[in-house]
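Data file: run.cif. Format and content: mmCIF, C-alpha atoms.
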data_coords
#
loop_
_atom_site.label_atom_id
_atom_site.label_comp_id
_atom_site.auth_asym_id
_atom_site.auth_seq_id
_atom_site.Cartn_x
_atom_site.Cartn_y
_atom_site.Cartn_z
CA MET A 1 58.05 -64.15 -111.59
CA ALA A 2 59.78 -65.55 -108.57
CA GLU A 3 59.83 -63.50 -105.46
CA ASN A 4 63.30 -63.36 -104.03
CA ASP A 5 62.52 -60.60 -101.53
CA GLU A 6 62.92 -61.76 -98.00
CA LYS A 7 60.90 -60.21 -95.19
CA PRO A 8 63.04 -58.40 -92.60
CA LYS A 9 63.56 -60.26 -89.45
CA GLU A 10 61.43 -58.95 -86.56
CA SER A 11 63.02 -58.38 -83.21
CA THR A 12 61.13 -60.85 -81.19
CA GLU A 13 63.31 -61.01 -78.14
CA LYS A 14 60.92 -61.49 -75.27
CA GLU A 15 61.27 -59.73 -71.88
CA PRO A 16 62.54 -62.19 -69.34
CA GLU A 17 59.80 -63.70 -67.19
CA SER A 18 61.55 -62.66 -63.98
CA THR A 19 61.52 -58.99 -65.03
CA ARG A 20 57.80 -59.11 -65.79
CA LYS A 21 57.07 -60.72 -62.43
CA LYS A 22 59.16 -58.10 -60.64
CA ARG A 23 57.30 -55.27 -62.42
CA ARG A 24 53.91 -56.76 -61.56
CA SER A 25 55.08 -57.13 -57.95
CA TRP A 26 56.02 -53.44 -57.76
CA TRP A 27 52.63 -52.36 -59.15
CA ARG A 28 50.91 -54.65 -56.67
CA ILE A 29 52.88 -53.17 -53.77
CA LEU A 30 52.19 -49.63 -54.99
CA GLY A 31 48.46 -50.31 -55.31
CA MET A 32 48.30 -51.92 -51.89
CA THR A 33 50.17 -48.98 -50.35
CA ALA A 34 47.86 -46.44 -52.01
CA GLY A 35 44.83 -48.43 -50.89
CA PHE A 36 46.18 -48.63 -47.36
CA ILE A 37 46.84 -44.87 -47.26
CA LEU A 38 43.35 -44.21 -48.65
CA LEU A 39 41.87 -46.49 -46.01
CA LEU A 40 43.81 -44.65 -43.29
CA LEU A 41 42.54 -41.29 -44.61
CA VAL A 42 38.95 -42.54 -44.66
CA CYS A 43 39.28 -43.90 -41.12
CA ALA A 44 40.94 -40.68 -39.95
CA ARG A 45 38.16 -38.60 -41.54
CA LEU A 46 35.52 -40.75 -39.85
CA ALA A 47 37.30 -40.57 -36.49
CA LEU A 48 38.17 -36.85 -36.74
CA PRO A 49 34.80 -35.49 -35.52
CA ARG A 50 34.93 -37.73 -32.45
CA PHE A 51 38.50 -36.68 -31.70
CA VAL A 52 37.68 -32.97 -32.18
CA LEU A 53 34.57 -33.38 -30.01
CA TRP A 54 36.71 -34.88 -27.24
CA TYR A 55 39.37 -32.20 -27.64
CA VAL A 56 36.89 -29.29 -27.61
CA ASN A 57 35.15 -30.68 -24.51
CA ARG A 58 38.50 -31.01 -22.75
CA THR A 59 39.51 -27.46 -23.75
CA LEU A 60 36.21 -25.93 -22.59
CA ASN A 61 36.62 -27.58 -19.19
CA GLU A 62 40.10 -26.22 -18.45
CA SER A 63 38.76 -23.58 -16.04
CA PRO A 64 37.97 -24.83 -12.51
CA MET A 65 35.15 -22.24 -12.20
CA TYR A 66 33.38 -22.99 -15.49
CA GLN A 67 32.43 -26.12 -17.39
CA GLY A 68 31.67 -26.42 -21.08
CA GLU A 69 29.04 -28.37 -22.97
CA ILE A 70 28.67 -28.80 -26.74
CA GLY A 71 26.20 -30.64 -28.92
CA ASP A 72 28.21 -31.77 -31.93
CA VAL A 73 31.18 -30.94 -34.18
CA SER A 74 31.21 -30.63 -37.98
CA ILE A 75 34.45 -30.81 -39.98
CA HIS A 76 34.90 -28.84 -43.23
CA LEU A 77 38.28 -29.94 -44.59
CA TYR A 78 37.75 -28.32 -47.99
CA ARG A 79 37.85 -24.85 -46.40
CA GLY A 80 40.08 -25.55 -43.43
CA ALA A 81 37.34 -25.12 -40.84
CA TYR A 82 35.20 -26.81 -38.24
CA SER A 83 31.97 -25.88 -36.46
CA ILE A 84 30.96 -26.36 -32.84
CA HIS A 85 27.20 -26.66 -32.32
CA GLU A 86 25.14 -25.76 -29.24
CA VAL A 87 27.97 -24.34 -27.12
CA ARG A 88 27.30 -23.68 -23.42
CA ILE A 89 29.75 -22.51 -20.75
CA LEU A 90 28.29 -22.66 -17.23
CA LYS A 91 29.59 -21.59 -13.86
CA THR A 92 30.25 -24.51 -11.53
CA THR A 93 29.98 -22.61 -8.22
CA GLY A 94 26.78 -21.23 -6.72
CA ASN A 95 23.39 -21.51 -8.34
CA VAL A 96 23.46 -19.41 -11.51
CA PRO A 97 20.43 -20.28 -13.67
CA VAL A 98 21.86 -19.00 -16.97
CA PRO A 99 25.07 -19.94 -18.81
CA PHE A 100 27.91 -17.45 -18.92
CA PHE A 101 28.15 -18.02 -22.67
CA ALA A 102 25.98 -19.89 -25.14
CA ALA A 103 25.86 -20.00 -28.94
CA LYS A 104 23.89 -21.82 -31.61
CA ARG A 105 27.07 -22.41 -33.59
CA VAL A 106 30.70 -21.28 -33.54
CA ASP A 107 32.75 -21.57 -36.74
CA LEU A 108 36.56 -21.57 -36.66
CA ALA A 109 38.22 -21.33 -40.07
CA ILE A 110 41.30 -20.24 -41.96
CA GLU A 111 41.01 -16.67 -43.24
CA TRP A 112 41.75 -17.22 -46.92
CA ASP A 113 42.04 -13.51 -47.77
CA ALA A 114 45.06 -13.29 -45.46
CA LEU A 115 46.97 -15.73 -47.67
CA MET A 116 47.34 -12.89 -50.19
CA HIS A 117 49.46 -11.17 -47.54
CA ARG A 118 51.44 -14.40 -46.92
CA LYS A 119 49.91 -14.89 -43.50
CA VAL A 120 48.08 -17.95 -42.19
CA VAL A 121 45.57 -16.78 -39.59
CA GLY A 122 42.10 -17.77 -38.46
CA LYS A 123 38.68 -16.25 -37.95
CA ILE A 124 35.76 -16.98 -35.64
CA VAL A 125 32.10 -16.57 -36.56
CA MET A 126 29.57 -16.83 -33.71
CA HIS A 127 25.93 -17.44 -34.60
CA GLU A 128 23.32 -16.27 -32.06
CA PRO A 129 25.75 -16.00 -29.14
CA GLU A 130 24.47 -14.99 -25.69
CA LEU A 131 26.60 -13.55 -22.89
CA ASN A 132 25.17 -13.32 -19.34
CA PHE A 133 26.59 -11.23 -16.50
CA VAL A 134 24.89 -11.82 -13.14
CA ASP A 135 25.03 -9.52 -10.11
CA ALA A 136 24.44 -11.22 -6.76
CA PRO A 137 25.03 -10.57 -3.04
CA ASP A 138 27.89 -13.11 -2.96
CA ASP A 139 30.57 -14.04 -5.49
CA SER A 140 29.48 -17.67 -5.74
CA SER A 141 26.03 -16.69 -7.05
CA GLY A 142 27.36 -13.89 -9.26
CA GLN A 143 28.81 -14.29 -12.72
CA SER A 144 31.28 -11.86 -14.30
CA GLY A 145 33.59 -14.14 -16.24
CA ALA A 146 36.59 -13.00 -14.19
CA GLY A 147 39.21 -15.68 -13.69
CA GLY A 148 38.35 -17.65 -16.81
CA PRO A 149 41.17 -18.46 -19.29
CA TRP A 150 39.14 -17.28 -22.26
CA LEU A 151 41.97 -16.09 -24.52
CA GLN A 152 44.00 -19.24 -23.85
CA MET A 153 40.90 -21.31 -24.56
CA ILE A 154 40.46 -19.67 -27.98
CA ASP A 155 44.14 -20.23 -28.77
CA ASP A 156 43.77 -23.91 -27.88
CA LEU A 157 40.69 -24.36 -30.06
CA PHE A 158 42.42 -23.32 -33.30
CA PRO A 159 46.01 -23.95 -34.44
CA PHE A 160 46.48 -20.48 -35.97
CA ARG A 161 46.31 -17.00 -34.48
CA ILE A 162 42.84 -15.45 -34.65
CA ASN A 163 42.78 -12.34 -36.83
CA SER A 164 39.06 -11.53 -36.97
CA THR A 165 35.78 -12.31 -35.26
CA GLN A 166 32.18 -11.84 -36.34
CA ILE A 167 29.06 -11.94 -34.19
CA ARG A 168 25.70 -12.50 -35.84
CA ASN A 169 22.41 -11.84 -34.04
CA GLY A 170 23.89 -12.00 -30.55
CA SER A 171 22.76 -10.69 -27.17
CA ILE A 172 24.35 -9.43 -23.93
CA HIS A 173 22.45 -9.51 -20.62
CA VAL A 174 23.12 -7.96 -17.22
CA ARG A 175 20.90 -9.73 -14.67
CA ALA A 176 20.14 -9.62 -10.96
CA PHE A 177 17.92 -12.52 -9.97
CA GLN A 178 17.74 -11.57 -6.28
CA ALA A 179 15.96 -8.28 -7.05
CA ASN A 180 12.20 -8.00 -6.92
CA PRO A 181 11.30 -7.92 -9.77
CA PRO A 182 14.40 -9.58 -11.27
CA VAL A 183 16.63 -7.26 -13.32
CA ASP A 184 17.42 -8.01 -16.96
CA VAL A 185 19.03 -5.20 -18.96
CA TYR A 186 20.17 -6.35 -22.36
CA LEU A 187 21.29 -5.70 -25.91
CA SER A 188 19.67 -7.82 -28.63
CA GLN A 189 20.10 -8.25 -32.40
CA LEU A 190 23.80 -7.63 -31.87
CA ASP A 191 25.94 -7.66 -35.01
CA ALA A 192 29.64 -7.00 -34.48
CA SER A 193 33.04 -7.47 -36.07
CA ILE A 194 36.64 -7.38 -34.87
CA GLU A 195 39.19 -7.00 -37.67
CA ASN A 196 42.98 -7.09 -38.17
CA LEU A 197 44.02 -8.30 -34.71
CA THR A 198 47.29 -9.69 -36.08
CA ASN A 199 48.03 -6.79 -38.45
CA ILE A 200 48.32 -8.98 -41.56
CA LYS A 201 48.75 -5.85 -43.75
CA ASP A 202 51.79 -4.71 -41.73
CA GLU A 203 50.28 -1.31 -41.04
CA ILE A 204 52.45 1.12 -39.09
CA THR A 205 49.67 3.19 -37.50
CA PRO A 206 49.34 2.57 -33.72
CA MET A 207 45.61 1.81 -33.83
CA ILE A 208 45.49 -1.12 -36.25
CA ALA A 209 42.55 -3.26 -35.07
CA THR A 210 38.94 -2.14 -35.37
CA VAL A 211 35.77 -3.11 -33.54
CA SER A 212 32.30 -2.17 -34.77
CA ALA A 213 28.94 -3.16 -33.33
CA SER A 214 25.27 -2.27 -33.60
CA ALA A 215 22.35 -3.56 -31.57
CA LEU A 216 19.00 -2.77 -29.99
CA ALA A 217 18.86 -1.91 -26.29
CA MET A 218 15.86 -3.59 -24.63
CA ASP A 219 14.59 -4.55 -28.12
CA GLN A 220 13.86 -0.90 -28.79
CA ALA A 221 16.66 1.73 -28.74
CA ARG A 222 19.50 1.99 -31.22
CA PHE A 223 22.98 1.21 -29.84
CA GLU A 224 26.25 1.88 -31.70
CA TYR A 225 29.82 1.02 -30.73
CA GLU A 226 33.07 1.80 -32.51
CA MET A 227 36.63 1.23 -31.37
CA LYS A 228 40.21 1.35 -32.62
CA LEU A 229 42.91 -0.34 -30.60
CA ASP A 230 46.52 -1.45 -30.54
CA PRO A 231 46.42 -5.16 -29.57
CA SER A 232 50.23 -5.28 -29.25
CA SER A 233 50.44 -2.49 -26.66
CA TYR A 234 51.65 -3.62 -23.22
CA ARG A 235 49.25 -1.16 -21.52
CA PRO A 236 45.81 -0.57 -23.07
CA SER A 237 45.76 1.90 -25.94
CA PHE A 238 42.46 2.49 -27.70
CA GLN A 239 39.88 4.99 -28.89
CA LEU A 240 36.25 4.19 -28.14
CA ALA A 241 32.91 5.78 -28.97
CA VAL A 242 29.48 4.57 -27.81
CA ARG A 243 26.06 6.02 -28.45
CA LEU A 244 22.61 4.94 -27.29
CA ILE A 245 19.64 6.85 -28.70
CA GLY A 246 16.02 6.97 -27.56
CA LEU A 247 15.68 4.32 -24.83
CA ASP A 248 12.24 4.22 -23.19
CA VAL A 249 13.20 4.63 -19.52
CA THR A 250 10.24 2.60 -18.29
CA LYS A 251 11.96 -0.49 -19.73
CA THR A 252 14.68 -0.08 -17.07
CA ASN A 253 12.33 0.24 -14.07
CA ALA A 254 13.46 -3.05 -12.56
CA LEU A 255 17.04 -1.74 -12.59
CA ALA A 256 16.00 1.66 -11.18
CA ARG A 257 14.01 0.07 -8.34
CA ALA A 258 16.79 -2.37 -7.43
CA TYR A 259 19.66 0.12 -7.38
CA GLY A 260 18.07 3.59 -7.18
CA LYS A 261 14.93 2.90 -5.11
CA PHE A 262 12.73 4.75 -7.59
CA ASP A 263 11.09 4.12 -10.93
CA PHE A 264 10.24 6.07 -14.05
CA GLU A 265 6.79 7.12 -15.09
CA SER A 266 7.86 8.12 -18.62
CA GLY A 267 10.75 9.58 -20.58
CA TRP A 268 13.61 8.83 -22.95
CA PHE A 269 17.30 8.22 -22.31
CA ASP A 270 20.32 8.97 -24.52
CA LEU A 271 23.91 8.06 -23.69
CA VAL A 272 27.20 9.08 -25.28
CA VAL A 273 30.58 7.74 -24.16
CA GLU A 274 33.92 8.74 -25.65
CA LEU A 275 37.26 7.45 -24.34
CA ASP A 276 40.86 7.86 -25.50
CA ALA A 277 43.48 5.71 -23.74
CA LYS A 278 47.22 5.95 -24.38
CA GLU A 279 49.44 3.45 -22.55
CA GLY A 280 46.81 3.04 -19.84
CA GLN A 281 46.21 6.78 -19.33
CA LEU A 282 42.58 7.68 -19.94
CA GLU A 283 40.83 10.81 -21.13
CA GLY A 284 37.15 10.98 -21.96
CA TYR A 285 33.64 11.51 -20.70
CA VAL A 286 30.22 9.97 -20.16
CA LYS A 287 27.20 12.02 -21.27
CA PRO A 288 23.81 10.81 -19.91
CA LEU A 289 20.74 12.70 -21.18
CA PHE A 290 17.09 12.33 -20.13
CA ARG A 291 14.30 13.82 -22.24
CA ASN A 292 10.68 14.39 -21.17
CA LEU A 293 11.48 12.61 -17.92
CA LYS A 294 8.78 11.97 -15.33
CA ILE A 295 9.68 10.14 -12.12
CA PHE A 296 7.00 10.96 -9.56
CA SER A 297 3.27 10.44 -10.06
CA MET A 298 1.34 11.67 -7.00
CA ARG A 299 -1.68 9.44 -7.46
CA GLU A 300 0.11 6.23 -8.51
CA ASP A 301 3.07 6.40 -6.10
CA LEU A 302 1.07 7.30 -2.99
CA ALA A 303 -1.34 4.48 -3.77
CA ARG A 304 1.46 1.94 -3.26
CA ASP A 305 1.45 2.45 0.54
CA ASN A 306 5.21 3.08 0.52
CA PRO A 307 5.62 6.67 1.79
CA LEU A 308 9.44 6.52 1.94
CA GLN A 309 9.73 5.50 -1.70
CA ALA A 310 7.12 8.10 -2.67
CA PHE A 311 9.08 10.78 -0.81
CA TRP A 312 12.36 9.75 -2.45
CA GLU A 313 10.79 9.71 -5.92
CA ALA A 314 9.26 13.13 -5.27
CA LEU A 315 12.68 14.46 -4.24
CA VAL A 316 14.43 13.03 -7.29
CA GLY A 317 11.62 14.16 -9.58
CA THR A 318 11.68 17.70 -8.18
CA ALA A 319 15.46 17.96 -8.60
CA THR A 320 15.34 16.83 -12.23
CA GLU A 321 12.40 19.15 -12.92
CA VAL A 322 14.25 22.18 -11.52
CA LEU A 323 17.55 21.36 -13.25
CA LYS A 324 16.26 20.40 -16.67
CA ASN A 325 16.54 22.45 -19.83
CA GLN A 326 13.03 23.79 -20.34
CA PRO A 327 13.05 24.30 -24.16
CA ARG A 328 14.21 20.71 -24.78
CA GLN A 329 12.67 19.20 -21.61
CA GLN A 330 16.05 17.58 -20.97
CA PHE A 331 18.04 16.77 -17.84
CA GLY A 332 21.66 15.83 -18.41
CA THR A 333 25.34 16.41 -17.79
CA VAL A 334 28.84 15.50 -18.96
CA ILE A 335 30.96 13.45 -16.54
CA PRO A 336 34.68 13.87 -17.34
CA LEU A 337 37.02 10.91 -16.84
CA THR A 338 40.81 11.20 -16.52
CA GLY A 339 43.74 9.30 -15.03
CA ASP A 340 44.82 5.68 -14.91
CA LEU A 341 42.52 3.21 -16.64
CA ASN A 342 42.38 0.97 -13.56
CA GLY A 343 40.98 3.81 -11.42
CA PRO A 344 39.86 6.82 -13.48
CA ARG A 345 39.00 10.04 -11.65
CA THR A 346 35.81 12.03 -12.07
CA ASP A 347 35.52 15.77 -11.48
CA VAL A 348 32.47 16.24 -9.26
CA LEU A 349 32.45 20.04 -9.55
CA ALA A 350 32.74 19.87 -13.33
CA THR A 351 29.89 17.34 -13.43
CA LEU A 352 27.62 19.62 -11.36
CA GLY A 353 28.66 22.58 -13.47
CA ASN A 354 27.68 20.67 -16.61
CA VAL A 355 24.26 19.94 -15.08
CA LEU A 356 23.75 23.69 -14.71
CA ARG A 357 25.14 24.38 -18.17
CA ASN A 358 22.68 21.93 -19.73
CA ALA A 359 19.81 23.44 -17.72
CA PHE A 360 20.43 27.18 -18.08
CA VAL A 361 22.97 27.80 -20.87
CA ARG A 362 22.63 25.27 -23.70
CA ALA A 363 21.29 21.74 -23.87
CA TYR A 364 23.74 18.99 -24.74
CA LEU A 365 23.10 16.91 -27.85
CA PRO A 366 23.63 13.14 -28.07
CA ARG A 367 26.70 13.44 -30.27
CA LEU A 368 30.44 12.97 -29.82
CA GLN A 369 32.52 15.95 -28.76
CA GLY A 370 35.76 15.04 -30.51
CA VAL A 371 37.98 13.42 -27.87
CA THR A 372 38.68 10.50 -30.27
CA PRO A 373 39.53 12.17 -33.62
CA ASP A 374 40.53 8.92 -35.35
CA ILE A 375 37.20 7.20 -34.71
CA ASP A 376 35.57 9.02 -37.64
CA GLY A 377 37.29 6.61 -40.01
CA LEU A 378 34.90 3.86 -38.90
CA HIS A 379 31.42 3.62 -40.33
CA PHE A 380 28.28 1.59 -39.94
CA GLY A 381 26.15 0.68 -42.89
CA ARG A 382 23.82 3.66 -42.35
CA GLY A 383 26.52 6.25 -41.65
CA SER A 384 29.08 7.26 -39.10
CA ILE A 385 28.46 7.48 -35.39
CA LEU A 386 29.72 11.07 -35.69
CA GLU A 387 26.84 12.03 -37.96
CA PRO A 388 24.92 14.99 -36.47
CA VAL A 389 21.78 14.29 -34.49
CA ALA A 390 18.59 16.31 -34.58
CA ALA A 391 16.95 17.73 -31.47
CA ASP A 392 14.54 14.80 -31.24
CA GLY A 393 17.40 12.31 -31.26
CA SER A 394 17.09 11.29 -34.92
CA ARG A 395 19.74 11.72 -37.58
#
Mind turning the file's structure into structure tokens?
Amino acid sequence: MAENDEKPKESTEKEPESTRKKRRSWWRILGMTAGFILLLLVCARLALPRFVLWYVNRTLNESPMYQGEIGDVSIHLYRGAYSIHEVRILKTTGNVPVPFFAAKRVDLAIEWDALMHRKVVGKIVMHEPELNFVDAPDDSSGQSGAGGPWLQMIDDLFPFRINSTQIRNGSIHVRAFQANPPVDVYLSQLDASIENLTNIKDEITPMIATVSASALAMDQARFEYEMKLDPSSYRPSFQLAVRLIGLDVTKTNALARAYGKFDFESGWFDLVVELDAKEGQLEGYVKPLFRNLKIFSMREDLARDNPLQAFWEALVGTATEVLKNQPRQQFGTVIPLTGDLNGPRTDVLATLGNVLRNAFVRAYLPRLQGVTPDIDGLHFGRGSILEPVAADGSR
């Protein structure tokens, strides 16, 4: 049987050679461009730490009174952050033996939670920061941080507005090296946070930012700090509460000798501060309380061959003994503060009256008195600073 079926003709028209060459040329150009861009990105990534290191050093040295030093810079592109290691800011005038600021590491990063509120802001995390204030007979040897462009420096270090700050295991020192012995009063194990500085949640309440801190005073006494503030106010507006409980007064003897010309034999110190400022107008008080206080020791103080200091300590000790609350063995008062924040006034008569009230009417307790009603919305991990305190100073 003969096969008459013919196979269909296949379309075998070939693509012109010029078209194929042109297509290969475009792919080659595209690959070379992608490779070149990738090479640029790799080079930029390798050069970025050096550039950031140079930029951070330049930024930290903007102040004529202070110079900055850093160890290294780490870049974390995947989370929009970078870290500055071994930060030190030192005063250039005088002979100050400690840096004004030092930190093991400072992280600056984008705050990703804020993106949910359609805001791009940053946060700072400081690891083991140390802040040193130095009192000295002359300004060149002292160190207060005044005159330094610190806020501008922070703005220059990060391209976005800072919304929050965290401090982990920090310390704050007040020193006087010229005293004999040298004075060093400090807070250690400081953990603190500052939140919502840019109001990313668009809250309408005046006090939108919060500050909370806890630490140990002289490695021993519990210190608590809480604050609400309006960072957009032209004149300061804030509510502040501070409490220090159970400080062994003998740990502050260097300070007492340098500035009070006496020292403590034994006793405990509590401090409560409450301030409410509205547009720069201040209302509040400071409440210092001394329990089981002993200033003058006849045998020890007379043995020092300093009769004037012994006489002064005897006078101070007698006054506190006469004016203390006998059931609680407590000497204390409440010092009211009112007026403009730049120069608040104290009522001397009210302060003396409160000394007598503590001694002969009713002893004050180391608790807040309610000048800052909105503060009770802030809490530490172990409870509010407004939580009642027992007679021995415990909760």
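When atom CA of Val211 of chain A is paired with atom CA of Trp150 of chain A, their separation reads 18.4 Å.
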Can I get the residues of segment 61-118 of chain A within 10 Å of segment 174-186 of chain A, each with the closest pair of atoms and their distance in Å to one decimal, using only C-alpha atoms, sorted chain first then ascending number, as CSV?
residue,atom,partner,partner_atom,distance
A:Val96,CA,A:Phe177,CA,9.0
A:Pro97,CA,A:Phe177,CA,9.0
A:Val98,CA,A:Arg175,CA,9.6
What does the distance between atom CA of Gly260 of chain A and atom CA of Phe223 of chain A come to in Å, to one decimal place?
23.3 Å
Picked residues, the PyMOL selection byres ((chain A and resi 344-357) around 12), as a ChimeraX atom specification:
/A:275,277,280-290,319-320,322-325,330-343,358-364
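For the atom pair formed by atom CA of Thr198 of chain A and atom CA of Lys119 of chain A, the distance is 9.4 Å, given to one decimal.
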At a cut-off of 12 Å around the point (12.9, 2.8, -16.4) (file coordinates), what residues fall inside when counting all atoms listed in the file? I'd like the answer as a ChimeraX atom specification.
/A:183-185,218,247-269,290,293-295
Select, from A:Ile194, A:Leu271, A:Ala136, A:Ile154, the residue with the minimum atom-to-atom distance to Gln166 of chain A, counting only C-alpha atoms.
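For Gln166 of chain A, the nearest of the candidates is A:Ile194.
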Of the candidates A:Asn199, A:Asn95, A:Ser212, A:Arg88, which shows the shortest atom-to-atom distance to Arg118 of chain A, using all atoms listed in the file?
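Among the listed residues, the smallest separation from Arg118 of chain A belongs to A:Asn199.
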Quick one: of A:Ile124, A:Leu240, A:Val56, A:Met65, who's nearest to Ile110 of chain A, counting all atoms listed in the file?
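The shortest atom-to-atom distance to Ile110 of chain A comes from A:Ile124.
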Nearest to Ala215 of chain A: which of A:Gly170, A:Pro231, A:Pro236, A:Pro129 is it, counting all atoms listed in the file?
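Of the candidates, the smallest distance to Ala215 of chain A is held by A:Gly170.
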Could you check the closest approach to Val134 of chain A for each of A:Asp276, A:Phe100, A:Ser164, A:Trp112 and tell me which residue wins, using all atoms listed in the file?
A:Phe100
Take every atom of segment 354-368 of chain A listed in the file, fit an axis-aligned box around them, add 8 Å per side, and give the centre and edge lengths in Å to one decimal as lines of an AutoDock Vina configuration file.
center_x = 25.1
center_y = 20.4
center_z = -22.5
size_x = 26.6
size_y = 30.8
size_z = 31.6
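Counting all atoms listed in the file, the residue from A:Ile172, A:Leu187, A:Val125, A:Met207 that sits nearest to Arg105 of chain A is A:Val125.
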Determine the residue membership of the PyMOL selection byres ((chain A and resi 89) around 8) for the file above and supply it as a PyMOL selection string.
chain A and resi 60+66-69+87-88+90-91+99-102
Give me a file of those residues, with C-alpha atoms, as a CSV table (one decimal), in the coordinates of the input.
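Heads up, here's the output in again32.csv:
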chain,number,residue,atom,x,y,z
A,60,LEU,CA,36.2,-25.9,-22.6
A,66,TYR,CA,33.4,-23.0,-15.5
A,67,GLN,CA,32.4,-26.1,-17.4
A,68,GLY,CA,31.7,-26.4,-21.1
A,69,GLU,CA,29.0,-28.4,-23.0
A,87,VAL,CA,28.0,-24.3,-27.1
A,88,ARG,CA,27.3,-23.7,-23.4
A,90,LEU,CA,28.3,-22.7,-17.2
A,91,LYS,CA,29.6,-21.6,-13.9
A,99,PRO,CA,25.1,-19.9,-18.8
A,100,PHE,CA,27.9,-17.4,-18.9
A,101,PHE,CA,28.2,-18.0,-22.7
A,102,ALA,CA,26.0,-19.9,-25.1
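Near Phe160 of chain A, within 8 Å and counting all atoms listed in the file, sit A:Ile110, A:Val120, A:Val121, A:Gly122; same-chain residues fewer than 6 positions away were not included.
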Selected by the PyMOL selection byres ((chain A and resi 368) around 8) in the shown coordinates: which residues, as a ChimeraX atom specification?
/A:241,272-274,366-367,369-371,386
Which polymer residues have any atom within 6 Å of an atom of Glu128 of chain A, counting only C-alpha atoms, with same-chain residues fewer than 2 positions away left out, as a list in words?
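Contacts, with the query itself left out: Ala103, Lys104, Arg168, Asn169 and Gly170 of chain A.
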